[in-house]
Amino acid sequence: MKLTWVLAVAAGLGLHGVNAATKVYNFTISSKTIAPDGYSRDGLVINGQYPGPTITVNTGDTIQVHVTNNLTEPTALHWHGMYQRGTPWQDGTPGVTQCPIPAGGKYTYTFSTAGQSGTYWYHSHYMSQYVDGLVGALIIKDPSATSPLPYDEEIVIPLSDWYHTQSEDLLEHYLSRASKGEEPSPDNALIGGTGSNGCTGYVPTGTSCNANHTTKSYSFTAGKRYKLRLINTSAFANFWFSIDNHTLAVVEADGTDLNPQYVHRIPINVGQRYSVIVQANQKAQKYYMRAQMDTACLDLGEVIAKESLALAPVIYKGGANTFNSSVDWTDQLVDCQDLDYTVLRPYHAQAAPAAAEQITLSWDFHGDPVTNINRAFINNVSWVANFSYPTMMNEYYKMPDLSYDQLVIRPNTSDYVEVVLVNNDLNEHPFHLHGHTFYVLGWGNDTYDDATDRPKFNTKNPLRRDTSTVPGGGWTVFRYKADNTGVWALHCHIEWHVEAGLLVQLVDQSWKIPQLNITNDALALCAASNYSHLHGTSKTAVTQAKKNAPTSLKNAHRKRSVKIGRRML
Ligand code: C2O
């Protein structure tokens with residue numbers, strides 16, 4: 001009896017302990033002229049590449065990324081979907097978990113991948129930098145897991161909208177009265193970081209564009225099964241993905257393995273990931289892989305995206321050199337919604353545990369009462385990052401009052417929290433929670449009504465993911481476990497909306513944060529804000545910090561009282 005037990009433990013260590021490695025990456029961030037769709041513009045790249053290098057590790061490995069910031073502005077990298085359990089200061093979110101890496105500076109991110117596998121990504125979380133190219137895939141494999149469906153090879157395929165103007169300029173216009181709240185319209189769509197038809201988009205005189213630029217192609221060997229890891233790295237666009245004549249078996253959503261679900265077309269919103277398995281079982285020739293923006297969600301009035309479709313050839317090895325019978329599927333999807341949540345079922349079933357506390361967040365967009373600039377308001381407050389005083393450090397130094405204007409919510413429980421997202425805006429918003437996967441209990445297109453909607457919650461084996469779409473004028477309810485000590489952003493992943501203030505921060509076990517072993521390197525990034533000069537009580541420190549705050553922040557935060565709907569369940 002005893003011997004068996006010892007052996008079992010040793011075997012367990014063999015899989016998850018002894019073999020766990022540290023995978024080291026060196027990322028140099030710089031700006032460079034890039035032309036992913038043929039149009040040359042200044043982009044932001046990692047080691048000279050757009051998209052950045054793919055990180056591939058086995059579950060349990062530690063990822064270590066040495067970042068060198070060769071830009072003339074600060075930066076920070078966020079590891080989208082990583083739990084960062086025990087290392088919440090490595091989440092890479094300026095104003096929330098860290099002070100940014102200064103221009104010319106270096107910083108090392110180190111975090112474990114224990115307990116996670118699947119398709120993830122990373123991106124700059126500093127201002128709108130990722131829209132200019134600072135994105136990459138992060139894949140965690142689990143060699144010991146059984147796959148919902150077998151496959152022979154895998155291919156990582158990022159999908160993205162693409163702009164011909166630098167995000168800084170787009171943002172400046174968007175956050176001005178002139179935009180009237182209309183988001184920047186994408187110029188093109190990219191598959192695998194490449195696109196064509198770039199020259200039919202916005203090409204100002206004096207710039208250069210290669211009209212012969214093509215979207216990359218993918219090669220299939222007849223009879224093989226491919227796992228395609230789809231990642232929507234867009235700023236704005238919800239995509240519909242399909243391959244002509246080929247059925248897709250959906251087997252993963254945001255790191256959660258699923259019972260295979262067969263579709264012809266799959267919607268994938270900003271920040272979301274899906275793995276689909278496709279069999280090369282059609283006549284050997286060429287087919288189109290399609291990434292079509294769901295333009296109905298772009299809310300651009302007459303000015304829709306200039307090129308909203310990316311077509312990448314899928315070429316069968318040794319097959320005919322023709323697209324002749326490659327035809328788009330005729331089935332349509334519901335505009336601006338995720339795949340039906342009752343259809344996607346996790347492969348490893350789990351019921352949603354009951355929640356101890358409920359938080360209701362409702363938002364809309366309207367003109368700021370003073371500036372009349374259109375912004376997002378959650379429970380009447382619009383978020384603006386305070387890069388000098390990130391919430392994580394304010395909690396760590398026991399100066400929580402420094403986060404007075406930062407939409408910070410500190411649940412009283414380490415148990416499950418239920419979040420009711422109420423979207424008073426007419427457009428959909430893909431909401432992402434850092435540091436967790438959550439149970440999607442339901443959504444609707446209408447006004448949320450606790451009495452009638454709660455009994456319909458899907459709690460048996462609900463979809464678990466980290467990014468879920470809240471329908472326009474509707475709601476989404478999810479539950480997460482508030483036991484991952486740290487400060488976690490919860491925000492719309494449409495980058496323009498983050499900058500317009502559509503972000504709140506959820507603090508897990510705020511009482512444990514001062515005991516975290518935050519590294520000196522992470523603390524040193526905040527040297528400029530120099531907490532040590534803030535003497536006395538948290539309140540007097542706030543007075544000092546407010547005096548030092550840049551005017552932009554002072555202007556942005558006139559409303560002080562954050563009223564969050566909260567109740568114990
Ligand atoms: Cu990809 Cu704050 O997220």
# chains A, B, ... in the order shown; residues from 1 in each chain; ligands from 1
$ residues_around --residues "Lys216 of chain A" --least-positions-apart "2" --cutoff "8 Å" --atoms "only C-alpha atoms" --output "list in words"
Ile191, Gly192, Thr194, Gly195, Thr214, Tyr218, Ala312 and Pro313 of chain A
$ closest_atom_pairs --of "segment 410-502 of chain A" --to "segment 240-258 of chain A" --cutoff "10 Å" --atoms "only C-alpha atoms" --output "JSON lines"
{"residue": "A:Thr437", "atom": "CA", "partner": "A:Asp254", "partner_atom": "CA", "distance": 8.3}
{"residue": "A:Leu463", "atom": "CA", "partner": "A:Thr256", "partner_atom": "CA", "distance": 8.1}
{"residue": "A:Arg464", "atom": "CA", "partner": "A:Thr256", "partner_atom": "CA", "distance": 6.3}
{"residue": "A:Arg465", "atom": "CA", "partner": "A:Asp254", "partner_atom": "CA", "distance": 5.1}
{"residue": "A:Asp466", "atom": "CA", "partner": "A:Asp254", "partner_atom": "CA", "distance": 6.2}
{"residue": "A:Thr467", "atom": "CA", "partner": "A:Asp254", "partner_atom": "CA", "distance": 7.4}
{"residue": "A:Ser468", "atom": "CA", "partner": "A:Asp254", "partner_atom": "CA", "distance": 9.7}
$ write_last_selection --atoms "C-alpha atoms" --output "tab-separated table (two decimals), in the first residue's frame"
chain	number	residue	atom	x	y	z
A	437	THR	CA	-10.57	31.36	-16.67
A	463	LEU	CA	-17.79	26.82	-21.19
A	464	ARG	CA	-14.67	27.99	-19.36
A	465	ARG	CA	-12.61	30.68	-21.03
A	466	ASP	CA	-10.97	34.06	-20.45
A	467	THR	CA	-12.60	36.27	-23.10
A	468	SER	CA	-16.33	36.35	-23.78
$ residues_around --residues "segment 106-117 of chain A" --least-positions-apart "3" --cutoff "8 Å" --atoms "only C-alpha atoms" --output "list in words"
Asn58, Thr59, Gly60, Asp61, Thr62, Ile63, Gln64, Val65, His66, Val67, Thr68, Asn69, Met82, Tyr83, Gln84, Arg85, Thr87, Gln90, Ile101, Pro102, Ile139, Ile140, Lys141, Asp142, Gly255, Thr256 and Asp521 of chain A
$ residues_around --residues "His164 of chain A" --least-positions-apart "6" --cutoff "7 Å" --atoms "only C-alpha atoms" --output "number ranges by chain"
A: 41, 187, 202
$ residues_near_ligand --ligand "ligand 1" --cutoff "7 Å" --atoms "only C-alpha atoms and all ligand atoms" --output "CSV table (one decimal) with N, CA and C atoms, in the first residue's frame"
chain,number,residue,atom,x,y,z
A,78,HIS,N,2.2,41.8,-21.9
A,78,HIS,CA,1.2,41.1,-21.1
A,78,HIS,C,1.0,39.7,-21.7
A,80,HIS,N,-1.4,37.0,-22.2
A,80,HIS,CA,-2.8,36.9,-22.2
A,80,HIS,C,-3.3,35.5,-21.9
A,93,THR,N,0.7,44.6,-17.1
A,93,THR,CA,-0.3,45.6,-17.4
A,93,THR,C,0.0,46.9,-16.7
A,122,TYR,N,0.6,36.8,-26.4
A,122,TYR,CA,1.1,37.9,-25.6
A,122,TYR,C,1.0,39.2,-26.5
A,123,HIS,N,1.0,40.3,-25.8
A,123,HIS,CA,1.0,41.6,-26.5
A,123,HIS,C,1.3,42.7,-25.6
A,125,HIS,N,0.8,45.9,-23.5
A,125,HIS,CA,-0.4,46.4,-22.8
A,125,HIS,C,-0.2,47.9,-22.4
A,271,GLY,N,-9.1,38.9,-28.9
A,271,GLY,CA,-8.5,38.3,-27.7
A,271,GLY,C,-8.8,36.9,-27.5
A,432,HIS,N,-12.4,40.5,-21.4
A,432,HIS,CA,-11.3,39.6,-21.0
A,432,HIS,C,-11.0,39.9,-19.5
A,434,HIS,N,-8.1,39.1,-16.8
A,434,HIS,CA,-6.7,38.6,-16.6
A,434,HIS,C,-6.6,37.6,-15.4
A,489,ALA,N,-6.9,43.0,-14.3
A,489,ALA,CA,-7.8,43.8,-15.2
A,489,ALA,C,-8.9,43.0,-15.8
A,491,HIS,N,-11.6,43.9,-18.8
A,491,HIS,CA,-11.8,44.9,-19.8
A,491,HIS,C,-12.3,44.5,-21.1
A,493,HIS,N,-11.7,44.0,-24.8
A,493,HIS,CA,-10.4,43.8,-25.5
A,493,HIS,C,-10.3,44.6,-26.8
$ atom_distance --atom1 "atom CA of Pro51 of chain A" --atom2 "atom CA of Leu309 of chain A"
18.9 Å
$ residues_around --residues "Ile494 of chain A" --least-positions-apart "3" --cutoff "6 Å" --atoms "only C-alpha atoms" --output "ChimeraX atom specification"
/A:235-236,497
$ closest_residue --among "A:Asn380, A:Ala284, A:Asn427, A:Arg375" --to "Asp335 of chain A" --atoms "only C-alpha atoms"
A:Asn427
